[in-house]
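Engineer: The structure file input-v5.cif (mmCIF, C-alpha atoms) is provided below.
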data_coords
loop_
_atom_site.label_atom_id
_atom_site.label_comp_id
_atom_site.auth_asym_id
_atom_site.auth_seq_id
_atom_site.Cartn_x
_atom_site.Cartn_y
_atom_site.Cartn_z
CA MET U 3 -65.69 -171.26 46.80
CA GLY U 4 -67.61 -170.51 49.99
CA GLY U 5 -67.14 -172.17 53.34
CA THR U 6 -64.12 -173.65 55.02
CA ASN U 7 -63.00 -176.86 56.67
CA PHE U 8 -60.71 -174.80 58.94
CA PRO U 9 -62.62 -174.15 62.20
CA SER U 10 -62.79 -170.55 63.32
CA GLY U 11 -61.45 -169.30 66.61
CA LEU U 12 -58.01 -170.87 66.32
CA SER U 13 -56.41 -167.46 66.67
CA VAL U 14 -57.03 -163.86 65.76
CA TYR U 15 -58.21 -163.34 62.19
CA GLY U 16 -58.77 -167.10 61.83
CA VAL U 17 -55.10 -167.84 61.12
CA PRO U 18 -53.69 -170.78 63.10
CA ILE U 19 -50.98 -169.97 65.61
CA LEU U 20 -47.48 -171.04 64.62
CA PRO U 21 -45.30 -172.97 67.09
CA ALA U 22 -43.27 -170.43 69.04
CA HIS U 23 -39.88 -171.57 67.74
CA ILE U 24 -40.99 -171.43 64.09
CA GLY U 25 -42.47 -167.95 63.86
CA LYS U 26 -43.13 -166.16 60.59
CA SER U 27 -41.21 -163.36 58.93
CA GLU U 28 -43.12 -160.18 58.20
CA ASP U 29 -43.24 -160.68 54.44
CA ALA U 30 -43.94 -164.43 54.54
CA GLN U 31 -47.17 -165.74 53.05
CA VAL U 32 -49.51 -168.30 54.62
CA PHE U 33 -51.23 -170.78 52.30
CA PHE U 34 -54.10 -173.12 53.16
CA VAL U 35 -54.72 -176.59 51.73
CA ASP U 36 -57.91 -178.62 52.12
CA GLY U 37 -58.34 -181.99 50.44
CA ASN U 38 -62.08 -181.94 51.06
CA ALA U 39 -63.52 -181.21 47.62
CA THR U 40 -66.27 -179.09 49.20
CA TYR U 41 -63.72 -176.55 50.40
CA GLY U 42 -60.40 -176.99 48.57
CA ASN U 43 -60.16 -176.11 44.91
CA SER U 44 -57.24 -175.79 42.49
CA GLY U 45 -58.74 -172.54 41.23
CA ASN U 46 -58.49 -170.86 44.63
CA ASP U 47 -55.61 -168.63 45.68
CA GLY U 48 -55.02 -170.47 48.97
CA LEU U 49 -54.60 -167.23 50.90
CA THR U 50 -57.49 -167.78 53.33
CA PRO U 51 -59.16 -170.83 54.87
CA GLY U 52 -62.22 -170.05 52.74
CA SER U 53 -60.17 -170.12 49.52
CA ALA U 54 -58.01 -173.17 50.29
CA LEU U 55 -56.14 -175.02 47.57
CA ALA U 56 -56.92 -178.67 46.85
CA ASN U 57 -53.49 -180.22 47.36
CA ILE U 58 -50.06 -179.68 48.87
CA ASN U 59 -48.23 -179.48 45.54
CA GLN U 60 -50.35 -176.48 44.49
CA ALA U 61 -49.50 -174.61 47.66
CA TYR U 62 -45.79 -175.35 47.37
CA THR U 63 -45.77 -174.02 43.82
CA LYS U 64 -46.97 -170.66 45.16
CA CYS U 65 -44.24 -170.42 47.80
CA VAL U 66 -41.28 -168.11 47.26
CA ASP U 67 -37.75 -169.33 47.89
CA GLY U 68 -36.37 -168.09 51.22
CA ARG U 69 -39.39 -165.97 52.14
CA GLY U 70 -40.42 -168.22 55.05
CA ASP U 71 -43.81 -169.21 53.67
CA VAL U 72 -46.11 -171.49 55.68
CA ILE U 73 -48.45 -174.18 54.35
CA PHE U 74 -51.32 -175.17 56.68
CA VAL U 75 -52.98 -178.47 55.80
CA ALA U 76 -56.52 -179.41 56.87
CA PRO U 77 -57.21 -182.94 58.21
CA GLY U 78 -57.32 -185.75 55.70
CA THR U 79 -55.24 -188.06 53.52
CA TYR U 80 -53.21 -186.50 50.72
CA THR U 81 -51.81 -188.70 47.95
CA LEU U 82 -48.99 -187.05 46.04
CA ALA U 83 -49.22 -187.94 42.35
CA ALA U 84 -45.56 -187.01 41.80
CA THR U 85 -42.47 -186.61 43.96
CA LEU U 86 -42.61 -183.26 45.73
CA THR U 87 -39.16 -181.78 45.12
CA LEU U 88 -38.37 -179.19 47.78
CA SER U 89 -36.12 -176.83 45.83
CA LYS U 90 -37.17 -173.71 47.78
CA SER U 91 -35.66 -172.86 51.15
CA ASN U 92 -37.38 -171.97 54.40
CA VAL U 93 -40.83 -173.44 53.75
CA LYS U 94 -42.82 -174.73 56.72
CA PHE U 95 -45.44 -177.49 56.43
CA LEU U 96 -47.88 -177.64 59.35
CA PRO U 97 -51.20 -179.42 59.95
CA LEU U 98 -54.21 -177.56 61.22
CA PHE U 99 -54.39 -179.62 64.42
CA TYR U 100 -51.49 -180.53 66.67
CA SER U 101 -51.51 -183.75 68.64
CA LEU U 102 -49.09 -185.80 70.68
CA GLY U 103 -50.97 -188.85 69.45
CA TYR U 104 -51.86 -189.71 65.88
CA PRO U 105 -51.66 -186.64 63.59
CA SER U 106 -54.68 -185.53 61.59
CA VAL U 107 -52.90 -185.37 58.21
CA ILE U 108 -51.58 -188.39 56.28
CA ILE U 109 -49.29 -187.83 53.30
CA THR U 110 -48.78 -190.83 51.05
CA SER U 111 -47.48 -191.62 47.58
CA SER U 112 -46.39 -194.46 45.32
CA GLN U 113 -43.39 -192.54 43.97
CA ALA U 114 -39.85 -193.81 44.48
CA ASP U 115 -39.20 -190.70 46.59
CA ILE U 116 -42.20 -189.13 48.30
CA PHE U 117 -40.13 -186.00 49.04
CA GLU U 118 -36.85 -184.93 47.45
CA VAL U 119 -35.19 -182.33 49.69
CA GLU U 120 -32.86 -180.06 47.72
CA ALA U 121 -32.99 -176.80 49.70
CA ASP U 122 -32.25 -175.55 53.21
CA ARG U 123 -34.58 -175.14 56.19
CA ASN U 124 -37.64 -177.08 55.10
CA VAL U 125 -39.77 -177.91 58.14
CA PHE U 126 -42.42 -180.60 58.79
CA HIS U 127 -44.40 -180.90 62.04
CA ASN U 128 -47.10 -183.39 63.04
CA PHE U 129 -47.70 -185.45 59.91
CA VAL U 130 -48.06 -189.13 59.11
CA PHE U 131 -45.87 -190.17 56.18
CA GLN U 132 -46.99 -193.43 54.62
CA ALA U 133 -45.63 -195.52 51.76
CA GLY U 134 -48.29 -196.27 49.18
CA ASP U 135 -46.57 -198.95 47.13
CA ASN U 136 -43.55 -201.27 47.06
CA ALA U 137 -42.07 -198.86 44.50
CA VAL U 138 -41.39 -196.37 47.32
CA ALA U 139 -37.67 -196.32 48.14
CA ASN U 140 -37.50 -193.22 50.39
CA ILE U 141 -40.03 -191.15 52.24
CA PHE U 142 -37.46 -188.34 52.35
CA ASN U 143 -34.45 -188.39 50.03
CA VAL U 144 -32.24 -185.59 51.38
CA ALA U 145 -29.17 -183.91 49.85
CA ASP U 146 -29.08 -186.11 46.77
CA THR U 147 -28.14 -183.33 44.34
CA VAL U 148 -27.08 -180.43 46.61
CA ALA U 149 -25.96 -180.01 50.21
CA VAL U 150 -28.89 -179.38 52.56
CA LYS U 151 -28.73 -177.42 55.81
CA GLY U 152 -31.46 -177.20 58.44
CA PHE U 153 -33.90 -180.00 57.48
CA GLU U 154 -36.42 -180.39 60.34
CA VAL U 155 -38.95 -183.16 61.06
CA VAL U 156 -40.75 -183.07 64.42
CA ASN U 157 -43.62 -185.07 65.97
CA CYS U 158 -44.22 -187.14 62.84
CA ILE U 159 -45.04 -190.79 62.28
CA PHE U 160 -43.19 -192.69 59.56
CA ASP U 161 -45.19 -195.70 58.39
CA PRO U 162 -43.79 -198.16 55.81
CA ASN U 163 -47.36 -199.47 55.57
CA GLY U 164 -46.36 -203.06 54.93
CA LYS U 165 -44.12 -202.15 51.98
CA THR U 166 -40.73 -203.80 51.95
CA THR U 167 -38.33 -201.43 50.22
CA VAL U 168 -38.68 -198.19 52.17
CA ILE U 169 -36.10 -196.04 53.98
CA ALA U 170 -37.59 -193.28 56.15
CA ILE U 171 -34.86 -190.64 55.67
CA ASN U 172 -32.05 -191.30 53.23
CA ALA U 173 -29.12 -188.85 53.32
CA ALA U 174 -26.52 -191.28 52.02
CA ASP U 175 -25.20 -189.41 48.99
CA ALA U 176 -21.44 -189.72 48.58
CA THR U 177 -20.99 -186.08 47.52
CA PHE U 178 -23.48 -183.92 49.40
CA ALA U 179 -24.14 -183.70 53.14
CA MET U 180 -27.23 -183.09 55.24
CA THR U 181 -26.13 -180.79 58.08
CA TYR U 182 -27.88 -179.06 60.98
CA ALA U 183 -30.81 -181.47 60.65
CA ALA U 184 -33.31 -181.78 63.52
CA ILE U 185 -35.10 -185.14 63.72
CA ILE U 186 -37.03 -184.92 66.98
CA ARG U 187 -39.92 -186.75 68.72
CA ASN U 188 -40.84 -188.90 65.74
CA THR U 189 -42.11 -192.48 65.69
CA PHE U 190 -40.61 -194.83 63.12
CA LEU U 191 -42.87 -197.84 62.84
CA GLY U 192 -41.49 -201.31 62.20
CA GLY U 193 -41.16 -202.68 58.70
CA PHE U 194 -38.66 -200.40 57.01
CA ASP U 195 -36.00 -201.81 54.66
CA THR U 196 -32.51 -202.64 55.95
CA THR U 197 -32.19 -199.15 57.45
CA ILE U 198 -34.59 -196.55 58.89
CA LEU U 199 -32.24 -193.54 58.81
CA LYS U 200 -29.25 -193.70 56.47
CA ILE U 201 -26.36 -191.20 56.67
CA GLY U 202 -23.70 -191.06 53.95
CA ALA U 203 -19.94 -190.65 53.87
CA LYS U 204 -20.13 -186.87 54.23
CA GLY U 205 -21.71 -187.26 57.65
CA PHE U 206 -24.37 -185.01 59.16
CA ALA U 207 -22.47 -182.35 61.04
CA HIS U 208 -24.22 -180.46 63.85
CA SER U 209 -27.40 -182.48 63.40
CA ILE U 210 -29.51 -183.73 66.27
CA ILE U 211 -31.56 -186.92 66.49
CA GLU U 212 -33.37 -187.03 69.82
CA HIS U 213 -36.48 -188.31 71.62
CA ASN U 214 -37.47 -190.60 68.73
CA LEU U 215 -38.93 -194.10 68.90
CA PHE U 216 -37.43 -196.61 66.49
CA GLN U 217 -39.24 -199.93 66.04
CA ILE U 218 -36.81 -202.32 64.36
CA LEU U 219 -37.87 -205.55 62.69
CA ALA U 220 -35.68 -208.64 62.42
CA ALA U 221 -32.31 -208.18 60.72
CA LYS U 222 -32.79 -204.42 60.36
CA THR U 223 -30.85 -201.35 61.55
CA ALA U 224 -32.35 -198.14 62.92
CA ILE U 225 -29.55 -195.64 62.16
CA ASP U 226 -26.73 -196.46 59.76
CA LEU U 227 -23.75 -194.08 59.79
CA ALA U 228 -21.34 -194.56 56.90
CA ASP U 229 -17.60 -194.53 57.34
CA THR U 230 -16.35 -190.97 56.90
CA THR U 231 -13.07 -189.06 57.01
CA ALA U 232 -14.79 -185.75 56.30
CA SER U 233 -14.15 -183.89 59.54
CA ALA U 234 -15.65 -180.64 58.26
CA THR U 235 -19.01 -182.24 57.49
CA GLY U 236 -18.98 -185.05 60.01
CA TYR U 237 -18.24 -183.14 63.21
CA GLY U 238 -20.60 -182.40 66.07
CA PHE U 239 -23.67 -184.58 65.61
CA ARG U 240 -25.82 -185.64 68.57
CA ILE U 241 -27.88 -188.82 68.89
CA ARG U 242 -29.51 -188.80 72.31
CA TYR U 243 -32.58 -189.77 74.36
CA ASN U 244 -33.91 -192.15 71.69
CA ASP U 245 -35.65 -195.48 72.27
CA PHE U 246 -34.69 -198.43 70.06
CA ILE U 247 -36.99 -201.45 70.26
CA GLY U 248 -36.05 -204.57 68.33
CA SER U 249 -38.38 -207.43 67.49
CA SER U 250 -39.04 -210.19 70.01
CA ASP U 251 -38.25 -212.98 67.54
CA ALA U 252 -35.67 -215.59 68.38
CA GLY U 253 -33.22 -214.32 65.78
CA GLY U 254 -31.86 -211.50 67.90
CA ASP U 255 -30.37 -209.78 64.88
CA GLU U 256 -31.49 -206.14 65.19
CA VAL U 257 -29.05 -203.22 65.44
CA GLY U 258 -29.80 -199.83 67.01
CA ILE U 259 -26.94 -197.75 65.54
CA ALA U 260 -24.39 -199.08 63.08
CA ILE U 261 -21.19 -197.23 62.26
CA SER U 262 -19.61 -198.76 59.17
CA GLY U 263 -15.93 -199.19 58.49
CA THR U 264 -13.09 -197.56 60.42
CA GLU U 265 -14.54 -194.30 61.62
CA ASP U 266 -12.19 -191.31 61.46
CA THR U 267 -11.70 -189.88 64.94
CA THR U 268 -12.03 -186.32 63.67
CA ALA U 269 -15.66 -186.95 62.69
CA LEU U 270 -16.81 -186.68 66.27
CA GLY U 271 -20.30 -186.64 67.66
CA ILE U 272 -21.94 -187.85 70.82
CA ILE U 273 -24.24 -190.84 71.24
CA THR U 274 -25.67 -190.64 74.72
CA ASN U 275 -28.60 -191.57 76.95
CA ASN U 276 -30.25 -193.82 74.40
CA ARG U 277 -32.20 -196.93 75.44
CA TYR U 278 -32.06 -200.21 73.55
CA ALA U 279 -34.37 -203.19 74.05
CA TYR U 280 -34.28 -206.43 72.08
CA CYS U 281 -31.50 -205.12 69.84
CA SER U 282 -29.75 -208.40 70.39
CA ALA U 283 -27.27 -208.38 67.53
CA ALA U 284 -25.85 -205.08 68.75
CA ALA U 285 -27.26 -202.03 70.41
CA ILE U 286 -24.38 -200.11 68.85
CA THR U 287 -21.62 -201.27 66.53
CA ALA U 288 -18.59 -199.07 66.12
CA ASP U 289 -14.84 -198.81 65.89
CA LYS U 290 -12.82 -195.71 66.80
CA ILE U 291 -15.83 -193.53 67.49
CA SER U 292 -16.86 -195.72 70.44
CA LYS U 293 -15.59 -193.09 72.89
CA SER U 294 -18.47 -190.88 71.77
CA MET U 295 -20.90 -193.35 73.32
CA VAL U 296 -21.76 -192.17 76.81
CA ASN U 297 -24.29 -193.67 79.24
CA ASN U 298 -26.41 -195.69 76.85
CA TYR U 299 -28.75 -198.21 78.47
CA VAL U 300 -29.00 -201.65 76.91
CA GLY U 301 -31.63 -204.17 77.98
CA ASP U 302 -31.25 -207.93 77.63
CA ALA U 303 -33.07 -211.01 78.81
CA ALA U 304 -30.46 -212.00 81.36
CA THR U 305 -30.02 -208.81 83.33
CA GLY U 306 -32.91 -206.61 82.28
CA GLY U 307 -30.51 -203.82 81.45
CA THR U 308 -26.93 -202.64 81.59
CA LEU U 309 -25.43 -199.18 81.38
CA VAL U 310 -22.93 -198.96 78.53
CA ASP U 311 -20.12 -196.49 79.14
CA PRO U 312 -17.55 -194.96 76.77
CA GLY U 313 -15.44 -197.42 74.83
CA THR U 314 -17.56 -200.45 75.71
#
Would you kindly transcribe this structure into structure tokens?
Structural biologist:
Amino acid sequence: MGGTNFPSGLSVYGVPILPAHIGKSEDAQVFFVDGNATYGNSGNDGLTPGSALANINQAYTKCVDGRGDVIFVAPGTYTLAATLTLSKSNVKFLPLFYSLGYPSVIITSSQADIFEVEADRNVFHNFVFQAGDNAVANIFNVADTVAVKGFEVVNCIFDPNGKTTVIAINAADATFAMTYAAIIRNTFLGGFDTTILKIGAKGFAHSIIEHNLFQILAAKTAIDLADTTASATGYGFRIRYNDFIGSSDAGGDEVGIAISGTEDTTALGIITNNRYAYCSAAAITADKISKSMVNNYVGDAATGGTLVDPGT
């Protein structure tokens, strides 16, 4: 079909510029998706802005495992009719426009899992992920059937959209671990189920969670780390420079980071320079791993804030 909803002049040859740290391998393919029926069509090849595909699933089907393919998505709301299972490695999902505010692309679904992540190095930048129904259990269900390395979500907004059963990122499988994950500069809006991010007994070795905003409603937990004795998979995580904001209700029952059970001291990470406000039940709950908590700042009504040092 003629025409395009991708403005010209974004870069040479009309192809949007990739973020510097992402890059593109020489043999990787770029696909374009446009939900506007005037421009996107399932019969297109998706190889140029003028021949964009109609939906994200169609573009992902065309990607080749491990090749480093990129999917550019034009502004709009995209409703996934089925769970998008990411079984191919090294695929990058990027919107056309980048913004530090509200992204231009909304991805929503009424499936139990909006995304099932079953391959390494899948990347998402600058999207809004929104639950479409109370049937949604997870926006991302990661490492449920295989171990996953290198999952990356940056500058995204996670919106439970008033639904009551949703977990933003669930990596709580008892057998498989999510490792080397990068969860950076995201906003997690209030209203998620009991947990926003859930990590299982295999831990999340060498992963980093930083510069995120967690809005926690009453009686909820932002990050739940399961008890683990798996030193090989639990070692070397970093949770730092995040903001945890609990609700201002009188209950005072929000938790920033919960570490369940008797944490094995070999499963070491570092939890540092986080800020907690109105997380009155506990900014952090922990047992043996408490010495990994360094210089976290906890606000309360009486003092306005205290610096929490190791072992506190």
Engineer: Evaluating the PyMOL selection byres ((chain U and resi 151-165) around 9) on the displayed file yields which residues, as a PDB file with C-alpha atoms, in the coordinates of the input?
Structural biologist:
ATOM      1  CA  ASN U  92     -37.380-171.970  54.400  1.00  0.00           C
ATOM      2  CA  SER U 101     -51.510-183.750  68.640  1.00  0.00           C
ATOM      3  CA  LEU U 102     -49.090-185.800  70.680  1.00  0.00           C
ATOM      4  CA  GLY U 103     -50.970-188.850  69.450  1.00  0.00           C
ATOM      5  CA  TYR U 104     -51.860-189.710  65.880  1.00  0.00           C
ATOM      6  CA  PRO U 105     -51.660-186.640  63.590  1.00  0.00           C
ATOM      7  CA  VAL U 119     -35.190-182.330  49.690  1.00  0.00           C
ATOM      8  CA  ALA U 121     -32.990-176.800  49.700  1.00  0.00           C
ATOM      9  CA  ASP U 122     -32.250-175.550  53.210  1.00  0.00           C
ATOM     10  CA  ARG U 123     -34.580-175.140  56.190  1.00  0.00           C
ATOM     11  CA  ASN U 124     -37.640-177.080  55.100  1.00  0.00           C
ATOM     12  CA  VAL U 125     -39.770-177.910  58.140  1.00  0.00           C
ATOM     13  CA  PHE U 126     -42.420-180.600  58.790  1.00  0.00           C
ATOM     14  CA  HIS U 127     -44.400-180.900  62.040  1.00  0.00           C
ATOM     15  CA  ASN U 128     -47.100-183.390  63.040  1.00  0.00           C
ATOM     16  CA  PHE U 129     -47.700-185.450  59.910  1.00  0.00           C
ATOM     17  CA  VAL U 130     -48.060-189.130  59.110  1.00  0.00           C
ATOM     18  CA  PHE U 131     -45.870-190.170  56.180  1.00  0.00           C
ATOM     19  CA  GLN U 132     -46.990-193.430  54.620  1.00  0.00           C
ATOM     20  CA  ALA U 133     -45.630-195.520  51.760  1.00  0.00           C
ATOM     21  CA  GLY U 134     -48.290-196.270  49.180  1.00  0.00           C
ATOM     22  CA  ASP U 135     -46.570-198.950  47.130  1.00  0.00           C
ATOM     23  CA  ASN U 136     -43.550-201.270  47.060  1.00  0.00           C
ATOM     24  CA  ALA U 137     -42.070-198.860  44.500  1.00  0.00           C
ATOM     25  CA  VAL U 138     -41.390-196.370  47.320  1.00  0.00           C
ATOM     26  CA  ILE U 141     -40.030-191.150  52.240  1.00  0.00           C
ATOM     27  CA  VAL U 144     -32.240-185.590  51.380  1.00  0.00           C
ATOM     28  CA  ALA U 145     -29.170-183.910  49.850  1.00  0.00           C
ATOM     29  CA  ALA U 149     -25.960-180.010  50.210  1.00  0.00           C
ATOM     30  CA  VAL U 150     -28.890-179.380  52.560  1.00  0.00           C
ATOM     31  CA  THR U 166     -40.730-203.800  51.950  1.00  0.00           C
ATOM     32  CA  THR U 167     -38.330-201.430  50.220  1.00  0.00           C
ATOM     33  CA  VAL U 168     -38.680-198.190  52.170  1.00  0.00           C
ATOM     34  CA  ILE U 169     -36.100-196.040  53.980  1.00  0.00           C
ATOM     35  CA  ALA U 170     -37.590-193.280  56.150  1.00  0.00           C
ATOM     36  CA  ALA U 179     -24.140-183.700  53.140  1.00  0.00           C
ATOM     37  CA  MET U 180     -27.230-183.090  55.240  1.00  0.00           C
ATOM     38  CA  THR U 181     -26.130-180.790  58.080  1.00  0.00           C
ATOM     39  CA  TYR U 182     -27.880-179.060  60.980  1.00  0.00           C
ATOM     40  CA  ALA U 183     -30.810-181.470  60.650  1.00  0.00           C
ATOM     41  CA  ALA U 184     -33.310-181.780  63.520  1.00  0.00           C
ATOM     42  CA  ILE U 185     -35.100-185.140  63.720  1.00  0.00           C
ATOM     43  CA  ILE U 186     -37.030-184.920  66.980  1.00  0.00           C
ATOM     44  CA  ARG U 187     -39.920-186.750  68.720  1.00  0.00           C
ATOM     45  CA  ASN U 188     -40.840-188.900  65.740  1.00  0.00           C
ATOM     46  CA  THR U 189     -42.110-192.480  65.690  1.00  0.00           C
ATOM     47  CA  PHE U 190     -40.610-194.830  63.120  1.00  0.00           C
ATOM     48  CA  LEU U 191     -42.870-197.840  62.840  1.00  0.00           C
ATOM     49  CA  GLY U 192     -41.490-201.310  62.200  1.00  0.00           C
ATOM     50  CA  GLY U 193     -41.160-202.680  58.700  1.00  0.00           C
ATOM     51  CA  PHE U 194     -38.660-200.400  57.010  1.00  0.00           C
ATOM     52  CA  ASP U 195     -36.000-201.810  54.660  1.00  0.00           C
ATOM     53  CA  SER U 209     -27.400-182.480  63.400  1.00  0.00           C
ATOM     54  CA  ASN U 214     -37.470-190.600  68.730  1.00  0.00           C
TER      55      ASN U 214
END
Engineer: With 3 Å added on each side, what axis-aligned box encloses every listed atom of region 247-250 of chain U? Give the centre and edge lengths in Å to one decimal, as AutoDock Vina command-line options.
Structural biologist:
--center_x -37.5 --center_y -205.8 --center_z 68.9 --size_x 9.0 --size_y 14.7 --size_z 8.8
Engineer: For CA of Asn143 (chain U) and CA of Tyr62 (chain U), quote the distance in Å rounded to one decimal.
Structural biologist: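 Answer for the CA of Asn143 (chain U) to CA of Tyr62 (chain U) separation: 17.5 Å.
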Engineer: The PyMOL selection byres ((chain U and resi 63-68) around 12) on the file shown: which residues, as a PyMOL selection string?
Structural biologist: chain U and resi 26-27+29-35+44+46-49+55+57-62+69-73+86-95+120-124
Engineer: For CA of Thr177 (chain U) and CA of Ile210 (chain U), determine how far apart the two atoms are, in Å to one decimal place.
Structural biologist: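 Taking CA of Thr177 (chain U) and CA of Ile210 (chain U), their separation equals 20.7 Å.
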Engineer: For CA of Asn140 (chain U) and CA of Ala76 (chain U), quote the distance in Å rounded to one decimal.
Structural biologist: 24.4 Å
Engineer: Report the residues retrieved by the PyMOL selection byres ((chain U and resi 215-224) around 9) from the displayed file, expressed as an MDAnalysis selection string.
Structural biologist: chainID U and resid 187:200 213:214 225:226 244:251 253:260 281 283
Engineer: Export, as a JSON list (two decimals), in the coordinates of the input, the selected residues with C-alpha atoms.
Structural biologist:
[["chain", "number", "residue", "atom", "x", "y", "z"],
["U", 187, "ARG", "CA", -39.92, -186.75, 68.72],
["U", 188, "ASN", "CA", -40.84, -188.90, 65.74],
["U", 189, "THR", "CA", -42.11, -192.48, 65.69],
["U", 190, "PHE", "CA", -40.61, -194.83, 63.12],
["U", 191, "LEU", "CA", -42.87, -197.84, 62.84],
["U", 192, "GLY", "CA", -41.49, -201.31, 62.20],
["U", 193, "GLY", "CA", -41.16, -202.68, 58.70],
["U", 194, "PHE", "CA", -38.66, -200.40, 57.01],
["U", 195, "ASP", "CA", -36.00, -201.81, 54.66],
["U", 196, "THR", "CA", -32.51, -202.64, 55.95],
["U", 197, "THR", "CA", -32.19, -199.15, 57.45],
["U", 198, "ILE", "CA", -34.59, -196.55, 58.89],
["U", 199, "LEU", "CA", -32.24, -193.54, 58.81],
["U", 200, "LYS", "CA", -29.25, -193.70, 56.47],
["U", 213, "HIS", "CA", -36.48, -188.31, 71.62],
["U", 214, "ASN", "CA", -37.47, -190.60, 68.73],
["U", 225, "ILE", "CA", -29.55, -195.64, 62.16],
["U", 226, "ASP", "CA", -26.73, -196.46, 59.76],
["U", 244, "ASN", "CA", -33.91, -192.15, 71.69],
["U", 245, "ASP", "CA", -35.65, -195.48, 72.27],
["U", 246, "PHE", "CA", -34.69, -198.43, 70.06],
["U", 247, "ILE", "CA", -36.99, -201.45, 70.26],
["U", 248, "GLY", "CA", -36.05, -204.57, 68.33],
["U", 249, "SER", "CA", -38.38, -207.43, 67.49],
["U", 250, "SER", "CA", -39.04, -210.19, 70.01],
["U", 251, "ASP", "CA", -38.25, -212.98, 67.54],
["U", 253, "GLY", "CA", -33.22, -214.32, 65.78],
["U", 254, "GLY", "CA", -31.86, -211.50, 67.90],
["U", 255, "ASP", "CA", -30.37, -209.78, 64.88],
["U", 256, "GLU", "CA", -31.49, -206.14, 65.19],
["U", 257, "VAL", "CA", -29.05, -203.22, 65.44],
["U", 258, "GLY", "CA", -29.80, -199.83, 67.01],
["U", 259, "ILE", "CA", -26.94, -197.75, 65.54],
["U", 260, "ALA", "CA", -24.39, -199.08, 63.08],
["U", 281, "CYS", "CA", -31.50, -205.12, 69.84],
["U", 283, "ALA", "CA", -27.27, -208.38, 67.53]]
Engineer: Given all atoms listed in the file as the basis, pick out the residue of U:Thr85, U:Ser282, U:Asn275, U:Thr147 nearest to Thr110 (chain U).
Structural biologist: U:Thr85
Engineer: Can you work out which one of U:Tyr299, U:Phe239, U:Tyr278, U:Phe117 has the shortest atom-to-atom distance to Leu82 (chain U), counting only C-alpha atoms?
Structural biologist: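 So, comparing all the options, the nearest one is U:Phe117.
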